[in-house]
Each structure stands twice: as structure tokens, then as C-alpha cells.
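Next comes start_22.cif, with mmCIF, C-alpha atoms.
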```cif
data_final
#
loop_
_atom_site.group_PDB
_atom_site.id
_atom_site.type_symbol
_atom_site.label_atom_id
_atom_site.label_comp_id
_atom_site.auth_asym_id
_atom_site.auth_seq_id
_atom_site.Cartn_x
_atom_site.Cartn_y
_atom_site.Cartn_z
ATOM 1 C CA MET H 1 -16.511 0.672 -12.241
ATOM 2 C CA LEU H 2 -12.978 -0.510 -12.188
ATOM 3 C CA HIS H 3 -9.964 -1.382 -14.221
ATOM 4 C CA GLY H 4 -7.567 -3.602 -12.279
ATOM 5 C CA SER H 5 -7.162 -6.321 -9.696
ATOM 6 C CA GLY H 6 -10.156 -5.401 -7.592
ATOM 7 C CA THR H 7 -8.667 -5.374 -4.103
ATOM 8 C CA THR H 8 -10.902 -2.424 -3.279
ATOM 9 C CA LEU H 9 -13.892 -4.347 -4.606
ATOM 10 C CA GLU H 10 -12.855 -7.296 -2.451
ATOM 11 C CA SER H 11 -12.798 -5.109 0.648
ATOM 12 C CA ILE H 12 -16.343 -3.899 -0.100
ATOM 13 C CA ILE H 13 -17.543 -7.469 -0.711
ATOM 14 C CA SER H 14 -15.939 -8.587 2.557
ATOM 15 C CA ALA H 15 -17.597 -5.763 4.487
ATOM 16 C CA ILE H 16 -20.975 -6.760 3.031
ATOM 17 C CA ASN H 17 -20.443 -10.465 3.704
ATOM 18 C CA ASN H 18 -19.330 -9.741 7.290
ATOM 19 C CA ASN H 19 -22.450 -7.622 7.890
ATOM 20 C CA GLU H 20 -20.298 -4.517 8.426
ATOM 21 C CA LEU H 21 -21.914 -2.799 5.451
ATOM 22 C CA ASN H 22 -25.613 -2.942 4.648
ATOM 23 C CA ALA H 23 -25.350 -2.732 0.870
ATOM 24 C CA ARG H 24 -25.623 -4.738 -2.311
ATOM 25 C CA ILE H 25 -23.424 -4.628 -5.391
ATOM 26 C CA ASN H 26 -25.690 -4.958 -8.412
ATOM 27 C CA LEU H 27 -23.093 -4.765 -11.148
ATOM 28 C CA VAL H 28 -19.336 -4.527 -11.621
ATOM 29 C CA VAL H 29 -18.239 -2.721 -14.774
ATOM 30 C CA SER H 30 -14.762 -2.643 -16.255
ATOM 31 C CA ASP H 31 -13.120 -1.361 -19.410
ATOM 32 C CA ASN H 32 -10.452 -4.060 -19.059
ATOM 33 C CA PRO H 33 -11.687 -7.553 -19.995
ATOM 34 C CA ASN H 34 -8.674 -9.053 -18.199
ATOM 35 C CA ALA H 35 -9.246 -7.248 -14.908
ATOM 36 C CA TYR H 36 -9.082 -9.727 -12.047
ATOM 37 C CA ALA H 37 -11.833 -7.685 -10.420
ATOM 38 C CA LEU H 38 -14.286 -9.248 -12.876
ATOM 39 C CA GLU H 39 -13.344 -12.700 -11.606
ATOM 40 C CA ARG H 40 -13.684 -11.510 -7.997
ATOM 41 C CA ALA H 41 -17.177 -10.284 -8.815
ATOM 42 C CA GLN H 42 -18.176 -13.502 -10.577
ATOM 43 C CA ASN H 43 -16.834 -15.558 -7.660
ATOM 44 C CA ASN H 44 -19.276 -13.627 -5.472
ATOM 45 C CA ASP H 45 -22.258 -14.023 -7.825
ATOM 46 C CA ILE H 46 -22.164 -10.368 -8.876
ATOM 47 C CA GLU H 47 -23.043 -9.576 -12.464
ATOM 48 C CA THR H 48 -20.301 -8.057 -14.592
ATOM 49 C CA TYR H 49 -20.146 -5.982 -17.734
ATOM 50 C CA ILE H 50 -17.209 -5.102 -19.977
ATOM 51 C CA ILE H 51 -17.350 -1.731 -21.703
ATOM 52 C CA GLN H 52 -17.172 -2.126 -25.472
ATOM 53 C CA ASN H 53 -16.829 1.449 -26.730
ATOM 54 C CA LYS H 54 -13.626 3.444 -26.807
ATOM 55 C CA THR H 55 -14.641 7.089 -27.228
ATOM 56 C CA PRO H 56 -15.918 9.050 -24.214
ATOM 57 C CA GLU H 57 -19.244 9.863 -25.891
ATOM 58 C CA GLU H 58 -19.854 6.250 -26.959
ATOM 59 C CA ARG H 59 -18.928 4.980 -23.480
ATOM 60 C CA ASP H 60 -21.330 7.435 -21.884
ATOM 61 C CA ILE H 61 -24.210 6.287 -24.103
ATOM 62 C CA GLU H 62 -23.328 2.611 -23.615
ATOM 63 C CA LEU H 63 -23.082 2.859 -19.837
ATOM 64 C CA ALA H 64 -26.277 4.888 -19.538
ATOM 65 C CA LYS H 65 -28.160 2.167 -21.414
ATOM 66 C CA ILE H 66 -26.624 -0.665 -19.382
ATOM 67 C CA LEU H 67 -27.055 0.985 -15.978
ATOM 68 C CA ASP H 68 -30.716 1.741 -16.731
ATOM 69 C CA ASN H 69 -31.318 -2.002 -16.305
ATOM 70 C CA TYR H 70 -30.194 -1.964 -12.665
ATOM 71 C CA ASP H 71 -31.344 -0.419 -9.410
ATOM 72 C CA ILE H 72 -28.347 1.808 -8.689
ATOM 73 C CA ASP H 73 -28.115 4.341 -5.884
ATOM 74 C CA LEU H 74 -24.378 4.970 -6.056
ATOM 75 C CA ILE H 75 -21.527 4.327 -8.474
ATOM 76 C CA VAL H 76 -18.117 3.737 -6.928
ATOM 77 C CA LEU H 77 -15.077 4.195 -9.128
ATOM 78 C CA ALA H 78 -12.195 2.092 -7.908
ATOM 79 C CA GLY H 79 -9.288 2.268 -10.292
ATOM 80 C CA TYR H 80 -11.442 3.274 -13.269
ATOM 81 C CA LEU H 81 -9.301 5.670 -15.282
ATOM 82 C CA LYS H 82 -11.692 7.118 -17.867
ATOM 83 C CA ILE H 83 -13.572 10.393 -17.675
ATOM 84 C CA ILE H 84 -17.266 10.020 -16.804
ATOM 85 C CA GLY H 85 -19.766 11.450 -19.282
ATOM 86 C CA ASN H 86 -22.624 13.862 -18.674
ATOM 87 C CA ARG H 87 -25.382 11.240 -18.989
ATOM 88 C CA LEU H 88 -24.015 9.387 -15.973
ATOM 89 C CA LEU H 89 -23.095 12.538 -14.059
ATOM 90 C CA GLU H 90 -26.624 13.908 -14.409
ATOM 91 C CA LYS H 91 -28.350 10.691 -13.352
ATOM 92 C CA TYR H 92 -26.161 9.112 -10.649
ATOM 93 C CA LYS H 93 -24.268 9.977 -7.508
ATOM 94 C CA ILE H 94 -20.698 8.884 -8.285
ATOM 95 C CA ILE H 95 -17.691 8.750 -5.975
ATOM 96 C CA ASN H 96 -14.047 7.991 -6.638
ATOM 97 C CA THR H 97 -11.062 6.963 -4.581
ATOM 98 C CA HIS H 98 -7.752 8.662 -5.319
ATOM 99 C CA PRO H 99 -4.397 7.714 -3.738
ATOM 100 C CA SER H 100 -3.225 11.210 -2.775
ATOM 101 C CA LEU H 101 -4.380 14.176 -0.751
ATOM 102 C CA LEU H 102 -6.149 16.049 -3.526
ATOM 103 C CA PRO H 103 -5.731 18.542 -5.031
ATOM 104 C CA LYS H 104 -2.078 17.499 -4.924
ATOM 105 C CA PHE H 105 -1.031 14.803 -7.393
ATOM 106 C CA GLY H 106 -4.381 14.518 -9.168
ATOM 107 C CA GLY H 107 -5.561 14.911 -12.731
ATOM 108 C CA PRO H 108 -5.088 13.045 -16.011
ATOM 109 C CA GLY H 109 -2.375 10.406 -15.892
ATOM 110 C CA MET H 110 -2.066 10.509 -12.107
ATOM 111 C CA TYR H 111 -2.988 7.080 -10.805
ATOM 112 C CA GLY H 112 -1.444 4.161 -8.935
ATOM 113 C CA MET H 113 2.326 4.115 -8.614
ATOM 114 C CA LYS H 114 2.621 7.285 -10.701
ATOM 115 C CA VAL H 115 0.998 9.147 -7.812
ATOM 116 C CA HIS H 116 3.119 7.509 -5.127
ATOM 117 C CA THR H 117 6.317 8.109 -7.105
ATOM 118 C CA ALA H 118 5.395 11.777 -7.578
ATOM 119 C CA VAL H 119 4.682 12.121 -3.845
ATOM 120 C CA TRP H 120 8.049 10.519 -3.042
ATOM 121 C CA GLU H 121 9.936 12.643 -5.591
ATOM 122 C CA ALA H 122 8.357 15.799 -4.127
ATOM 123 C CA HIS H 123 9.614 14.781 -0.660
ATOM 124 C CA GLU H 124 6.126 15.152 0.781
ATOM 125 C CA LYS H 125 5.813 14.638 4.524
ATOM 126 C CA PHE H 126 2.215 13.375 4.214
ATOM 127 C CA SER H 127 0.043 11.591 1.720
ATOM 128 C CA GLY H 128 -3.128 9.578 1.940
ATOM 129 C CA PRO H 129 -6.310 8.639 0.143
ATOM 130 C CA THR H 130 -9.064 10.994 -0.896
ATOM 131 C CA ILE H 131 -12.656 10.061 -1.615
ATOM 132 C CA HIS H 132 -14.466 12.641 -3.708
ATOM 133 C CA PHE H 133 -17.580 13.125 -5.761
ATOM 134 C CA VAL H 134 -17.001 12.757 -9.482
ATOM 135 C CA ASN H 135 -17.591 15.623 -11.869
ATOM 136 C CA ALA H 136 -16.598 16.274 -15.488
ATOM 137 C CA GLU H 137 -12.912 16.818 -14.635
ATOM 138 C CA TYR H 138 -10.344 14.334 -13.375
ATOM 139 C CA ASP H 139 -10.059 14.488 -9.572
ATOM 140 C CA LYS H 140 -11.771 17.891 -9.278
ATOM 141 C CA GLY H 141 -15.060 16.883 -7.608
ATOM 142 C CA ASN H 142 -15.936 17.952 -4.080
ATOM 143 C CA ILE H 143 -13.904 16.109 -1.477
ATOM 144 C CA ILE H 144 -15.864 13.852 0.870
ATOM 145 C CA THR H 145 -12.992 12.755 3.095
ATOM 146 C CA GLN H 146 -9.228 12.441 3.264
ATOM 147 C CA THR H 147 -7.008 10.462 5.587
ATOM 148 C CA LYS H 148 -3.522 11.805 6.137
ATOM 149 C CA ILE H 149 -0.643 9.403 6.686
ATOM 150 C CA GLU H 150 2.900 10.328 7.584
ATOM 151 C CA ILE H 151 5.655 9.528 5.140
ATOM 152 C CA LYS H 152 8.992 8.621 6.656
ATOM 153 C CA GLU H 153 12.260 9.547 4.963
ATOM 154 C CA THR H 154 12.973 5.864 4.457
ATOM 155 C CA ASP H 155 9.624 5.150 2.748
ATOM 156 C CA THR H 156 9.802 4.192 -0.908
ATOM 157 C CA PRO H 157 6.978 4.677 -3.410
ATOM 158 C CA THR H 158 6.054 1.022 -2.832
ATOM 159 C CA VAL H 159 5.837 1.549 0.940
ATOM 160 C CA ILE H 160 3.794 4.716 0.440
ATOM 161 C CA SER H 161 1.450 2.790 -1.853
ATOM 162 C CA ALA H 162 0.931 0.019 0.689
ATOM 163 C CA LYS H 163 0.197 2.516 3.476
ATOM 164 C CA VAL H 164 -2.289 4.450 1.344
ATOM 165 C CA GLN H 165 -4.054 1.339 0.020
ATOM 166 C CA ALA H 166 -4.538 -0.077 3.511
ATOM 167 C CA ILE H 167 -6.193 3.140 4.717
ATOM 168 C CA GLU H 168 -8.097 3.712 1.463
ATOM 169 C CA LYS H 169 -10.074 0.478 1.778
ATOM 170 C CA ILE H 170 -11.092 1.227 5.377
ATOM 171 C CA GLN H 171 -11.964 4.815 4.486
ATOM 172 C CA LEU H 172 -14.118 3.743 1.518
ATOM 173 C CA VAL H 173 -16.092 1.201 3.534
ATOM 174 C CA GLU H 174 -16.745 3.884 6.179
ATOM 175 C CA ILE H 175 -18.039 6.293 3.525
ATOM 176 C CA LEU H 176 -20.227 3.552 2.062
ATOM 177 C CA LYS H 177 -21.679 2.937 5.528
ATOM 178 C CA GLN H 178 -22.546 6.618 5.768
ATOM 179 C CA PHE H 179 -24.180 6.485 2.344
ATOM 180 C CA ALA H 180 -26.168 3.348 3.276
ATOM 181 C CA ASN H 181 -27.400 5.144 6.393
ATOM 182 C CA GLY H 182 -28.516 8.167 4.372
ATOM 183 C CA ASN H 183 -25.751 10.427 5.683
ATOM 184 C CA LEU H 184 -24.013 11.220 2.398
#
```
Could you write out this structure as C-alpha cells?
Amino acid sequence: MLHGSGTTLESIISAINNNELNARINLVVSDNPNAYALERAQNNDIETYIIQNKTPEERDIELAKILDNYDIDLIVLAGYLKIIGNRLLEKYKIINTHPSLLPKFGGPGMYGMKVHTAVWEAHEKFSGPTIHFVNAEYDKGNIITQTKIEIKETDTPTVISAKVQAIEKIQLVEILKQFANGNL
């Protein structure tokens, strides 16, 4: 499930198409009907679905019904900013990518450039992406992996973002390979 431009989705699609990742994407879900990720999915003959409901409980019911129609082994959240409901948490293995070294700079409202700006403002020496299992709280699930990158004094939030995003895509594909091989 995602919300934005879908560059992470594109990296997964590329890994599949290049035979680096033995996986199949059955469905791309977004709560943003204008997300470019939906177009990326459609351009690769992947079915898409736009979430209709606004409340957490309604979304949980809606998604449970929709996902029941697909053979899903893993849900990957890539830029999806809503809390996941109990119906999905009980039925599926769900992972998320987060652009900081959790538990630092996580939680509600901490996403995208907000994270990188907070890291920069805190004068952190390191940042990096975290992949974690999803639970009922924002960014509190068990950590699967983190990749630490050094932040230089001259790095801006935009530079930090670019560094983290580049590593995040590689890290996610590696975790998906482990999952496909039964090691996660």
C-alpha cells in the first residue's frame, strides 16, 4: 500500500523484471487517487485499488474484503501513512519502510522530509532507513533491518533524503529476497 510517487514500487518492479527478485505483485493499493504509483502499477499490468473509506475502522473492513480476493503472502507499506487495522494485522505479515533509524524520528506525523528535517535539526551524525514489521502503533513494530549512513555537516535535509532513499530501495529489495526465500 502506498500514497505517493511510487519510486519504491518502481524499484521492486525493476528487481522483479530483472530477475533479481522472485516475486509477484498482485495488487497495489493507495488512499490517494492521484498517486503516480498507481500509474506505475498500471503501466506494469498490476491491478490497483483506491481506498474509499476515511475512518480507520471502515478502511480496515474495506481492505480486508478487497485483499481476500488476492493471493497475498506479504503486504509492503511504502509511503502509506495510515494506521493499519486489526483485521489486516491478524491475517497478514506486513512490513514498512521508514526513513530514519527507529526508534528515533518515528511515530505519527513523522514521514518524508519531516523526518529528514528533524534529523538535520537535531544535528544527528547518522541516519538511514529502517524496515520493520507493522503493528497497531506507528513505527513501533519489531525492526527487521536498518542501514546506517553518515551525515556530513554540509548535508541538507534534501541531501539526507536522497542518501536515505537510495539505500532504502536496495535494503527493501534485499529483505524481499529473504522473504521470497523463506528466510523472514
_Separation of CA of Leu102 in chain H from CA of Ile50 in chain H in Å_ = 29.0 Å
*Can you give me, as a ChimeraX atom specification, the residues this file yields under the PyMOL selection byres ((chain H and resi 180) around 10)?*
/H:21-24,73-74,174-179,181-184
_Within 7 Å of Ile94 in chain H using all atoms listed in the file, minus same-chain residues under 2 positions, as JSON, numbers by chain_ = {"H": [74, 75, 76, 92, 96, 133, 134]}
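For the structure shown here, the set of residues caught by the PyMOL selection byres ((chain H and resi 77) around 10) is Met1, Leu2, His3, Thr8, Leu9, Val29, Ser30, Leu74, Ile75, Val76, Ala78, Gly79, Tyr80, Leu81, Lys82, Ile84, Ile94, Ile95, Asn96, Thr97, His98, Ile131, Phe133 and Val134 of chain H.
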Mind dumping the selected residues with C-alpha atoms as a PDB file, in the frame of the given file?
```
ATOM      1  CA  MET H   1     -16.511   0.672 -12.241  1.00  0.00           C
ATOM      2  CA  LEU H   2     -12.978  -0.510 -12.188  1.00  0.00           C
ATOM      3  CA  HIS H   3      -9.964  -1.382 -14.221  1.00  0.00           C
ATOM      4  CA  THR H   8     -10.902  -2.424  -3.279  1.00  0.00           C
ATOM      5  CA  LEU H   9     -13.892  -4.347  -4.606  1.00  0.00           C
ATOM      6  CA  VAL H  29     -18.239  -2.721 -14.774  1.00  0.00           C
ATOM      7  CA  SER H  30     -14.762  -2.643 -16.255  1.00  0.00           C
ATOM      8  CA  LEU H  74     -24.378   4.970  -6.056  1.00  0.00           C
ATOM      9  CA  ILE H  75     -21.527   4.327  -8.474  1.00  0.00           C
ATOM     10  CA  VAL H  76     -18.117   3.737  -6.928  1.00  0.00           C
ATOM     11  CA  ALA H  78     -12.195   2.092  -7.908  1.00  0.00           C
ATOM     12  CA  GLY H  79      -9.288   2.268 -10.292  1.00  0.00           C
ATOM     13  CA  TYR H  80     -11.442   3.274 -13.269  1.00  0.00           C
ATOM     14  CA  LEU H  81      -9.301   5.670 -15.282  1.00  0.00           C
ATOM     15  CA  LYS H  82     -11.692   7.118 -17.867  1.00  0.00           C
ATOM     16  CA  ILE H  84     -17.266  10.020 -16.804  1.00  0.00           C
ATOM     17  CA  ILE H  94     -20.698   8.884  -8.285  1.00  0.00           C
ATOM     18  CA  ILE H  95     -17.691   8.750  -5.975  1.00  0.00           C
ATOM     19  CA  ASN H  96     -14.047   7.991  -6.638  1.00  0.00           C
ATOM     20  CA  THR H  97     -11.062   6.963  -4.581  1.00  0.00           C
ATOM     21  CA  HIS H  98      -7.752   8.662  -5.319  1.00  0.00           C
ATOM     22  CA  ILE H 131     -12.656  10.061  -1.615  1.00  0.00           C
ATOM     23  CA  PHE H 133     -17.580  13.125  -5.761  1.00  0.00           C
ATOM     24  CA  VAL H 134     -17.001  12.757  -9.482  1.00  0.00           C
TER      25      VAL H 134
END
```
Return as JSON the centre and edge lengths, in Å with one decimal, of the box along x, y and z that encloses every atom of range 102-105 of chain H in the file, padded by 4 Å per side.
```
{"center_x": -3.6, "center_y": 16.7, "center_z": -5.5, "size_x": 13.1, "size_y": 11.7, "size_z": 11.9}
```
Given the PyMOL selection byres ((chain H and resi 106) around 12), the residues it picks as a compact mmCIF listing (two decimals) with C-alpha atoms, keeping the file's coordinate frame:
```txt
# COMPACT_ATOMS: atom_id res chain seq x y z
CA LEU H 81 -9.30 5.67 -15.28
CA ASN H 96 -14.05 7.99 -6.64
CA THR H 97 -11.06 6.96 -4.58
CA HIS H 98 -7.75 8.66 -5.32
CA PRO H 99 -4.40 7.71 -3.74
CA SER H 100 -3.22 11.21 -2.78
CA LEU H 101 -4.38 14.18 -0.75
CA LEU H 102 -6.15 16.05 -3.53
CA PRO H 103 -5.73 18.54 -5.03
CA LYS H 104 -2.08 17.50 -4.92
CA PHE H 105 -1.03 14.80 -7.39
CA GLY H 107 -5.56 14.91 -12.73
CA PRO H 108 -5.09 13.04 -16.01
CA GLY H 109 -2.38 10.41 -15.89
CA MET H 110 -2.07 10.51 -12.11
CA TYR H 111 -2.99 7.08 -10.80
CA GLY H 112 -1.44 4.16 -8.94
CA LYS H 114 2.62 7.28 -10.70
CA VAL H 115 1.00 9.15 -7.81
CA HIS H 116 3.12 7.51 -5.13
CA ALA H 118 5.40 11.78 -7.58
CA VAL H 119 4.68 12.12 -3.84
CA PRO H 129 -6.31 8.64 0.14
CA THR H 130 -9.06 10.99 -0.90
CA HIS H 132 -14.47 12.64 -3.71
CA GLU H 137 -12.91 16.82 -14.64
CA TYR H 138 -10.34 14.33 -13.38
CA ASP H 139 -10.06 14.49 -9.57
CA LYS H 140 -11.77 17.89 -9.28
CA GLY H 141 -15.06 16.88 -7.61
```
*CA of Asn53 in chain H to CA of Asn142 in chain H: how many Å, to one decimal?*
28.0 Å
*Would you mind telling me which residue in H:Glu124, H:Glu57, H:Glu168, H:Asp71 lies nearest to Lys152 in chain H when using all atoms listed in the file?*
H:Glu124
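Taking CA of Glu10 in chain H and CA of Ile25 in chain H as the two end points, the separation is 11.3 Å.
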*Pick from H:Leu88, H:Ala15, H:Met113, H:Ala136, whichever lies nearest to Pro157 in chain H using all atoms listed in the file*: H:Met113
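Using all atoms listed in the file, the nearest neighbour of Thr147 in chain H within the list H:Ile46, H:Val159, H:Val164, H:Ile12 is H:Val164.
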*asked:* Which residue is closest to Arg87 in chain H? Choose from H:Lys148, H:Ile72, H:Ala64, H:Ile16 and count all atoms listed in the file.
replied: H:Ala64
*asked:* Neighbouring residues of Phe126 in chain H were defined as those with any atom within 6 Å, considering only C-alpha atoms; residues of the same chain fewer than 6 positions away were excluded. Please report them as a list in words.
replied: Ile149, Glu150 and Ile151 of chain H
Residues near Gly6 in chain H, cut-off 10 Å, only C-alpha atoms, skip fewer than 6 positions along chain, as a compact mmCIF listing (two decimals) with C-alpha atoms, in the frame of the given file:
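In the end it all went to around_36.txt:
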```txt
# COMPACT_ATOMS: atom_id res chain seq x y z
CA ILE H 12 -16.34 -3.90 -0.10
CA ALA H 35 -9.25 -7.25 -14.91
CA TYR H 36 -9.08 -9.73 -12.05
CA ALA H 37 -11.83 -7.68 -10.42
CA LEU H 38 -14.29 -9.25 -12.88
CA GLU H 39 -13.34 -12.70 -11.61
CA ARG H 40 -13.68 -11.51 -8.00
CA ALA H 41 -17.18 -10.28 -8.82
CA ALA H 78 -12.20 2.09 -7.91
CA GLY H 79 -9.29 2.27 -10.29
```
*asked:* Counting all atoms listed in the file, which residue out of H:Lys65, H:Gln165, H:Pro33, H:Glu90 sits closest to Ile51 in chain H?
replied: H:Pro33
_Test item: residues at most 10 Å from range 54-56 of chain H, all atoms listed in the file, excluding those fewer than 6 positions along its chain, as a PyMOL selection string_ = chain H and resi 31+62+82-86
Please dump the current selection as an mmCIF file, keeping the file's coordinate frame; keep C-alpha atoms.
```cif
data_model
loop_
_atom_site.group_PDB
_atom_site.id
_atom_site.type_symbol
_atom_site.label_atom_id
_atom_site.label_comp_id
_atom_site.auth_asym_id
_atom_site.auth_seq_id
_atom_site.Cartn_x
_atom_site.Cartn_y
_atom_site.Cartn_z
ATOM 1 C CA ASP H 31 -13.120 -1.361 -19.410
ATOM 2 C CA GLU H 62 -23.328 2.611 -23.615
ATOM 3 C CA LYS H 82 -11.692 7.118 -17.867
ATOM 4 C CA ILE H 83 -13.572 10.393 -17.675
ATOM 5 C CA ILE H 84 -17.266 10.020 -16.804
ATOM 6 C CA GLY H 85 -19.766 11.450 -19.282
ATOM 7 C CA ASN H 86 -22.624 13.862 -18.674
#
```
